[in-house]
Every structure is written in structure tokens, then in C-alpha cells.
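Read through the structure below, which is laid out as C-alpha cells, and then see the notes.
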Amino acid sequence: MPSFDVTRSRFRLSDDHVFVLAQMATGQPVPEALEGARAALREAGLINAAGELSALLLPVMKTVVQPNVIVSLEAGGRQGTLLHGLLIGEEHVVCHESWPGEAEAVYRLVEPRTVVWTLADLVALRQSGGAPADEAVVETTIGVLEAGLAALEKAASTPGADERALVAAALEAAGGPAAPLADLIVELRSQWRVTAAWQGGPEGERGVVARIVAAWDCGPLGYWQRELPAEPVAEGSVTPESAFRLRRVTPKRLWQSLTDLLPDAAELAS
């Protein structure tokens, strides 16, 4: 059921709700299959009897239907994959955050000057705590990595299982060394990938410009930026034999990487 919090300009909406609102905001018909979603929006007070969007929604929907920059975030962990993001418009910035097991996400307005801080919060990036980022690199193959992650998933559903031992055994069986990857997999809080995309490029070659950064948050073992497979990863280009590489980095470096994702005014103007 959609709902809203007027004190903080935030809304709980599913993908169907957002699609219906976008269709209505742009004067497009709502498919018959989504009449239930429109009825729920009307019941929640986000659409009135005349079929008009609530004034509370206008800044959000103006940005949703016509963003200048789209920032999408995939965060995978033991509870599955969550999708978050930012929509950056001319006047407003909309942040959307999903929740494990919930169909609805929270959409809210954020202060444009805090975009990088909001991104850091979405990936739970902290500037303190964790292991010092001494130079360290872990290399293996996608096949070995997937064997370790599958072992962790199996161990998590087995009461009393020794996760470290099971993951290490799976890595070795797949042909890779257990250390230090086994420790990173067991401590893995999330592996995330952030993509910023916008319309740009030189004259005559205009199209979608994108920048991507991917990393692992391994809790007490620190942050590790994924260098291989190199982004952007084309569909079907990664095989079990493909190289996989992580490099330990400081939180400060990841903050800078998130900052560098975003286009400056000149890039948007072009």
C-alpha cells in the first residue's frame, strides 16, 4: 500500500505506483492492468477524485520523469540484491531506497549539495573504523569466486556450519587458493556497484555517458574496490575463466570515486 510522510517529503511506492504516477504526470494513459495500483494511490490520497496528482508529489515526479542524471546502485548481500539510486533534476534530487523483502521503496527529496554524502550513505560507506588500507590485492577467477559465494550461501542456511572452512574448501576445490579470499567472503557485508548516466558526448556522437564504480564492504577487513572484470561489463562477456581482482582501498578513496562518478556542469552542458 502506498503511503507518505509529509514532514519529510518522502513516499513509499512500488515500481507499479511510480509507473502509474509517471504516466499521469506526462498525460499518458494508464494500462488497464495497473488500475489496481492507481486505485491504491487514490486511496492513499496521492491522487484526488479528479485524477490529479497531489501537490506533495510534484517536485518528486517532475524529477522522476525528466532527470538530468540517473544514479543507480545495486547492493548485494546475504539478504539478496537491493536497488537504490538518485535522480538528479534541474531543481531537485530524488533518492529512492529499497528494503529487503519489501515491494515498495522510499522516495524522498534530498538537498542537492549533499548528493555525494547521500550516495555514501546508500552504500553504508564510513570514514572511520575497519582495517587500515595497506596495499593488498586479491586475484582469482570468476568461477572460483562463485564457488566460494555459493558455499557461503549454503553455510548460511546450515545451523552450526563453519562458514570459513566450507568457503575455503569450495575455493580450493574450484582450483583457487583459500586465503585471503575466504576471509573476505565470510566477512562480506555487501558488494555494490554504482552507475551514473546522463545524455552527453561530443557533437555528432551524442549518446549516454556512464561512469561506474564497484566495491566490496568486508566490515572489519575494510573496503575493496573491484578492478576486474573492468567496467562497463558487457552482457555475456564474463565467463568462469574471466579474471577477478579486488584492491584494498581507504574509505577516502571510495568517497573520491563516488564524487568522480558525477558529471560537472560543463559535461552536462555539452
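Each chain of the C-alpha cells is named A, B, ... in the order shown, its residues numbered from 1; ligands are numbered from 1 in display order.
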Those in segment 90-155 of chain A with strand (DSSP E or B) from DSSP, as number ranges by chain:
A: 93-97, 105-110, 137-141
Enumerate as a PyMOL selection string all residues of segment 233-267 of chain A assigned to helix (DSSP H, G or I) by DSSP on the backbone, naming them with the chain letters and numbers the document uses.
chain A and resi 251-261+265-267
Only N, CA, C and O atoms, please: the residues just picked out, written as a short mmCIF file (atom, residue, chain, number, x, y, z; two decimals), in the first residue's frame.
data_model
loop_
_atom_site.label_atom_id
_atom_site.label_comp_id
_atom_site.auth_asym_id
_atom_site.auth_seq_id
_atom_site.Cartn_x
_atom_site.Cartn_y
_atom_site.Cartn_z
N PRO A 251 38.55 4.36 2.88
CA PRO A 251 37.24 4.99 2.69
C PRO A 251 37.36 6.30 1.92
O PRO A 251 36.50 6.62 1.09
N LYS A 252 38.42 7.06 2.17
CA LYS A 252 38.61 8.35 1.50
C LYS A 252 38.67 8.16 -0.01
O LYS A 252 38.10 8.93 -0.77
N ARG A 253 39.36 7.10 -0.44
CA ARG A 253 39.46 6.86 -1.88
C ARG A 253 38.10 6.52 -2.48
O ARG A 253 37.77 6.95 -3.59
N LEU A 254 37.29 5.73 -1.76
CA LEU A 254 35.97 5.41 -2.28
C LEU A 254 35.07 6.64 -2.30
O LEU A 254 34.26 6.81 -3.23
N TRP A 255 35.20 7.51 -1.31
CA TRP A 255 34.46 8.77 -1.34
C TRP A 255 34.82 9.55 -2.60
O TRP A 255 33.96 10.11 -3.27
N GLN A 256 36.12 9.59 -2.91
CA GLN A 256 36.55 10.31 -4.10
C GLN A 256 36.02 9.64 -5.37
O GLN A 256 35.63 10.31 -6.32
N SER A 257 35.97 8.30 -5.37
CA SER A 257 35.43 7.58 -6.52
C SER A 257 33.96 7.91 -6.74
O SER A 257 33.51 8.07 -7.88
N LEU A 258 33.20 8.01 -5.66
CA LEU A 258 31.79 8.38 -5.78
C LEU A 258 31.65 9.81 -6.29
O LEU A 258 30.77 10.11 -7.11
N THR A 259 32.52 10.70 -5.82
CA THR A 259 32.50 12.08 -6.29
C THR A 259 32.80 12.15 -7.78
O THR A 259 32.14 12.89 -8.54
N ASP A 260 33.78 11.36 -8.21
CA ASP A 260 34.20 11.39 -9.62
C ASP A 260 33.16 10.79 -10.56
O ASP A 260 33.23 11.00 -11.78
N LEU A 261 32.20 10.04 -10.02
CA LEU A 261 31.14 9.49 -10.87
C LEU A 261 30.28 10.58 -11.49
O LEU A 261 29.79 10.44 -12.61
N ALA A 265 29.20 20.65 -14.43
CA ALA A 265 28.27 21.46 -15.20
C ALA A 265 28.64 21.49 -16.68
O ALA A 265 27.77 21.47 -17.56
N ALA A 266 29.93 21.54 -16.99
CA ALA A 266 30.37 21.59 -18.37
C ALA A 266 29.99 20.32 -19.12
O ALA A 266 29.61 20.37 -20.29
N GLU A 267 30.11 19.15 -18.45
CA GLU A 267 29.75 17.89 -19.10
C GLU A 267 28.26 17.83 -19.39
O GLU A 267 27.85 17.33 -20.45
#
Looking at only C-alpha atoms, which of A:Leu228, A:Leu82, A:Ala165, A:Leu152 is the one that sits closest to Glu139 of chain A?
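Between A:Leu228, A:Leu82, A:Ala165, A:Leu152, the residue approaching Glu139 of chain A most closely is A:Leu228.
In terms of minimum interatomic distance to Leu188 of chain A, A:Gly76 ranks closest within A:Gly76, A:Thr114, A:Leu86, A:Ser237, counting only C-alpha atoms.
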Non-local contacts of His92 of chain A (12 Å; only C-alpha atoms; under 3 positions in same chain excluded) as a PyMOL selection string:
chain A and resi 9+58-64+66-69+86-89+95+108-115
Can those selected residues be exported to a file as a compact mmCIF listing (two decimals), in the first residue's frame so that it contains N, CA, C and O atoms?
# COMPACT_ATOMS: atom_id res chain seq x y z
N SER A 9 8.75 14.86 3.27
CA SER A 9 8.58 14.75 1.81
C SER A 9 9.07 13.40 1.30
O SER A 9 9.86 13.32 0.35
N LEU A 58 4.54 16.73 -6.66
CA LEU A 58 5.00 17.44 -7.86
C LEU A 58 6.52 17.56 -7.96
O LEU A 58 7.09 17.27 -9.02
N PRO A 59 7.25 17.98 -6.91
CA PRO A 59 8.71 18.05 -7.05
C PRO A 59 9.35 16.70 -7.34
O PRO A 59 10.29 16.61 -8.13
N VAL A 60 8.80 15.65 -6.71
CA VAL A 60 9.35 14.31 -6.92
C VAL A 60 9.10 13.85 -8.34
O VAL A 60 10.01 13.41 -9.05
N MET A 61 7.86 13.98 -8.82
CA MET A 61 7.52 13.47 -10.14
C MET A 61 8.15 14.29 -11.25
O MET A 61 8.52 13.76 -12.31
N LYS A 62 8.32 15.58 -11.04
CA LYS A 62 8.99 16.41 -12.04
C LYS A 62 10.41 15.90 -12.27
O LYS A 62 10.91 15.88 -13.40
N THR A 63 11.06 15.47 -11.20
CA THR A 63 12.42 14.96 -11.29
C THR A 63 12.44 13.54 -11.84
O THR A 63 13.31 13.18 -12.64
N VAL A 64 11.48 12.71 -11.44
CA VAL A 64 11.43 11.32 -11.89
C VAL A 64 11.23 11.24 -13.41
O VAL A 64 11.87 10.43 -14.09
N GLN A 66 11.88 13.60 -15.68
CA GLN A 66 12.85 14.32 -16.51
C GLN A 66 14.14 14.58 -15.73
O GLN A 66 14.52 15.72 -15.48
N PRO A 67 14.87 13.52 -15.38
CA PRO A 67 16.14 13.71 -14.67
C PRO A 67 17.26 14.09 -15.62
O PRO A 67 17.25 13.71 -16.80
N ASN A 68 18.22 14.84 -15.12
CA ASN A 68 19.43 15.14 -15.90
C ASN A 68 20.46 14.04 -15.73
O ASN A 68 21.21 13.72 -16.67
N VAL A 69 20.53 13.48 -14.53
CA VAL A 69 21.48 12.41 -14.24
C VAL A 69 20.75 11.32 -13.47
O VAL A 69 19.98 11.60 -12.55
N LEU A 86 19.62 7.62 -7.21
CA LEU A 86 19.34 9.04 -7.17
C LEU A 86 18.90 9.49 -8.55
O LEU A 86 19.43 9.03 -9.57
N LEU A 87 17.95 10.41 -8.59
CA LEU A 87 17.52 11.06 -9.82
C LEU A 87 17.79 12.55 -9.63
O LEU A 87 17.21 13.19 -8.74
N ILE A 88 18.69 13.09 -10.42
CA ILE A 88 19.13 14.48 -10.26
C ILE A 88 18.50 15.32 -11.36
O ILE A 88 18.76 15.10 -12.55
N GLY A 89 17.66 16.27 -10.96
CA GLY A 89 16.99 17.13 -11.92
C GLY A 89 17.51 18.55 -11.88
O GLY A 89 18.51 18.85 -11.24
N CYS A 95 15.95 10.68 -4.00
CA CYS A 95 16.64 9.46 -3.59
C CYS A 95 15.59 8.37 -3.41
O CYS A 95 14.52 8.62 -2.86
N ARG A 108 12.39 10.07 -1.59
CA ARG A 108 12.44 11.29 -0.80
C ARG A 108 13.30 12.34 -1.49
O ARG A 108 14.20 12.02 -2.27
N LEU A 109 13.01 13.59 -1.19
CA LEU A 109 13.82 14.69 -1.69
C LEU A 109 15.05 14.85 -0.80
O LEU A 109 14.95 14.74 0.42
N VAL A 110 16.21 15.08 -1.42
CA VAL A 110 17.42 15.35 -0.66
C VAL A 110 18.02 16.66 -1.14
O VAL A 110 17.81 17.08 -2.29
N GLU A 111 18.76 17.31 -0.28
CA GLU A 111 19.42 18.56 -0.61
C GLU A 111 20.47 18.32 -1.71
O GLU A 111 21.34 17.46 -1.56
N PRO A 112 20.39 19.03 -2.84
CA PRO A 112 21.34 18.80 -3.94
C PRO A 112 22.80 18.86 -3.52
O PRO A 112 23.63 18.13 -4.07
N ARG A 113 23.14 19.68 -2.55
CA ARG A 113 24.54 19.81 -2.13
C ARG A 113 25.04 18.58 -1.38
O ARG A 113 26.24 18.45 -1.12
N THR A 114 24.13 17.68 -1.02
CA THR A 114 24.53 16.50 -0.24
C THR A 114 24.49 15.22 -1.08
O THR A 114 24.44 14.13 -0.51
N VAL A 115 24.56 15.34 -2.39
CA VAL A 115 24.44 14.16 -3.26
C VAL A 115 25.51 13.11 -2.93
O VAL A 115 25.21 11.92 -2.80
Report, in Å to a single decimal, how far apart atom CA of Leu181 of chain A and atom CA of Thr140 of chain A are.
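Computing it gives 8.7 Å between the two atoms.
Take atom CA of Leu246 of chain A and atom CA of Pro263 of chain A: the distance between them is 25.6 Å.
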Residues within 10 Å of Val6 of chain A, only C-alpha atoms, excluding chain neighbours under 4 positions, as an mmCIF file with N, CA, C and O atoms, in the first residue's frame:
data_model
loop_
_atom_site.group_PDB
_atom_site.id
_atom_site.type_symbol
_atom_site.label_atom_id
_atom_site.label_comp_id
_atom_site.auth_asym_id
_atom_site.auth_seq_id
_atom_site.Cartn_x
_atom_site.Cartn_y
_atom_site.Cartn_z
ATOM 1 N N ARG A 10 8.599 12.327 1.924
ATOM 2 C CA ARG A 10 9.005 11.003 1.489
ATOM 3 C C ARG A 10 7.776 10.136 1.257
ATOM 4 O O ARG A 10 6.732 10.311 1.895
ATOM 5 N N PHE A 11 7.927 9.170 0.331
ATOM 6 C CA PHE A 11 6.805 8.380 -0.137
ATOM 7 C C PHE A 11 7.233 6.916 -0.258
ATOM 8 O O PHE A 11 8.346 6.628 -0.698
ATOM 9 N N LEU A 56 1.943 17.433 -3.146
ATOM 10 C CA LEU A 56 3.123 16.939 -2.443
ATOM 11 C C LEU A 56 4.061 16.175 -3.378
ATOM 12 O O LEU A 56 5.273 16.141 -3.178
#
Name the closest residue to Ile212 of chain A among the candidates A:Glu227, A:Asp5, A:Asp162, A:Glu172; distances are taken between atoms, counting only C-alpha atoms.
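Checking each candidate against Ile212 of chain A, we get A:Glu227 as the closest.
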Near Ser98 of chain A, within 10 Å and counting only C-alpha atoms, which residues show up once chain neighbours fewer than 4 positions away are dropped, as a PyMOL selection string?
chain A and resi 12-14+81-85+102-107
Could those selected residues go to a file with N, CA, C and O atoms, as a PDB file, in the first residue's frame?
ATOM      1  N   ARG A  12       6.338   6.006   0.123  1.00  0.00           N
ATOM      2  CA  ARG A  12       6.573   4.574  -0.074  1.00  0.00           C
ATOM      3  C   ARG A  12       5.799   4.155  -1.318  1.00  0.00           C
ATOM      4  O   ARG A  12       4.560   4.177  -1.330  1.00  0.00           O
ATOM      5  N   LEU A  13       6.542   3.756  -2.364  1.00  0.00           N
ATOM      6  CA  LEU A  13       5.929   3.461  -3.654  1.00  0.00           C
ATOM      7  C   LEU A  13       6.576   2.228  -4.270  1.00  0.00           C
ATOM      8  O   LEU A  13       7.797   2.042  -4.187  1.00  0.00           O
ATOM      9  N   SER A  14       5.769   1.399  -4.909  1.00  0.00           N
ATOM     10  CA  SER A  14       6.296   0.268  -5.671  1.00  0.00           C
ATOM     11  C   SER A  14       6.608   0.731  -7.091  1.00  0.00           C
ATOM     12  O   SER A  14       6.256   1.853  -7.497  1.00  0.00           O
ATOM     13  N   THR A  81      19.658  -8.940  -3.371  1.00  0.00           N
ATOM     14  CA  THR A  81      20.093  -7.714  -4.034  1.00  0.00           C
ATOM     15  C   THR A  81      19.069  -6.609  -3.834  1.00  0.00           C
ATOM     16  O   THR A  81      17.870  -6.815  -4.040  1.00  0.00           O
ATOM     17  N   LEU A  82      19.545  -5.447  -3.439  1.00  0.00           N
ATOM     18  CA  LEU A  82      18.691  -4.270  -3.279  1.00  0.00           C
ATOM     19  C   LEU A  82      19.070  -3.237  -4.324  1.00  0.00           C
ATOM     20  O   LEU A  82      20.243  -3.096  -4.687  1.00  0.00           O
ATOM     21  N   LEU A  83      18.071  -2.516  -4.804  1.00  0.00           N
ATOM     22  CA  LEU A  83      18.282  -1.485  -5.810  1.00  0.00           C
ATOM     23  C   LEU A  83      17.935  -0.122  -5.221  1.00  0.00           C
ATOM     24  O   LEU A  83      16.812   0.089  -4.751  1.00  0.00           O
ATOM     25  N   HIS A  84      18.899   0.768  -5.205  1.00  0.00           N
ATOM     26  CA  HIS A  84      18.699   2.131  -4.730  1.00  0.00           C
ATOM     27  C   HIS A  84      19.102   3.098  -5.852  1.00  0.00           C
ATOM     28  O   HIS A  84      19.505   2.672  -6.934  1.00  0.00           O
ATOM     29  N   GLY A  85      19.022   4.384  -5.579  1.00  0.00           N
ATOM     30  CA  GLY A  85      19.504   5.319  -6.587  1.00  0.00           C
ATOM     31  C   GLY A  85      19.140   6.759  -6.310  1.00  0.00           C
ATOM     32  O   GLY A  85      18.454   7.083  -5.332  1.00  0.00           O
ATOM     33  N   GLU A 102      10.622  -6.201   0.696  1.00  0.00           N
ATOM     34  CA  GLU A 102       9.514  -5.270   0.506  1.00  0.00           C
ATOM     35  C   GLU A 102       9.403  -4.878  -0.968  1.00  0.00           C
ATOM     36  O   GLU A 102      10.411  -4.634  -1.634  1.00  0.00           O
ATOM     37  N   ALA A 103       8.159  -4.795  -1.469  1.00  0.00           N
ATOM     38  CA  ALA A 103       7.943  -4.396  -2.858  1.00  0.00           C
ATOM     39  C   ALA A 103       8.065  -2.888  -3.039  1.00  0.00           C
ATOM     40  O   ALA A 103       8.349  -2.410  -4.142  1.00  0.00           O
ATOM     41  N   GLU A 104       7.843  -2.154  -1.970  1.00  0.00           N
ATOM     42  CA  GLU A 104       7.861  -0.695  -2.056  1.00  0.00           C
ATOM     43  C   GLU A 104       9.220  -0.136  -1.648  1.00  0.00           C
ATOM     44  O   GLU A 104       9.914  -0.698  -0.793  1.00  0.00           O
ATOM     45  N   ALA A 105       9.580   0.975  -2.268  1.00  0.00           N
ATOM     46  CA  ALA A 105      10.802   1.699  -1.937  1.00  0.00           C
ATOM     47  C   ALA A 105      10.419   3.058  -1.379  1.00  0.00           C
ATOM     48  O   ALA A 105       9.303   3.540  -1.591  1.00  0.00           O
ATOM     49  N   VAL A 106      11.338   3.672  -0.664  1.00  0.00           N
ATOM     50  CA  VAL A 106      11.108   5.014  -0.120  1.00  0.00           C
ATOM     51  C   VAL A 106      11.708   6.030  -1.081  1.00  0.00           C
ATOM     52  O   VAL A 106      12.896   5.969  -1.404  1.00  0.00           O
ATOM     53  N   TYR A 107      10.874   6.935  -1.547  1.00  0.00           N
ATOM     54  CA  TYR A 107      11.309   8.044  -2.402  1.00  0.00           C
ATOM     55  C   TYR A 107      11.280   9.312  -1.565  1.00  0.00           C
ATOM     56  O   TYR A 107      10.278   9.603  -0.904  1.00  0.00           O
TER      57      TYR A 107
END
Of the candidates A:Leu122, A:Leu184, A:Val138, A:Ala169, which one gets nearest to Glu74 of chain A if we count only C-alpha atoms?
A:Leu122
Env of Leu34 of chain A: 10 Å cut, atoms = only C-alpha atoms, seq-sep filter 5 positions within chain, self excluded. Answer as a PyMOL selection string.
chain A and resi 16-17+19-20+39
Emit the selected residues as a PDB file, in the first residue's frame, including C-alpha atoms.
ATOM      1  CA  ASP A  16       3.886  -0.039 -10.420  1.00  0.00           C
ATOM      2  CA  HIS A  17       2.938   3.029  -8.382  1.00  0.00           C
ATOM      3  CA  PHE A  19       4.911   3.953 -13.381  1.00  0.00           C
ATOM      4  CA  VAL A  20       1.275   4.982 -12.899  1.00  0.00           C
ATOM      5  CA  ALA A  39      -6.803   2.769  -7.028  1.00  0.00           C
TER       6      ALA A  39
END
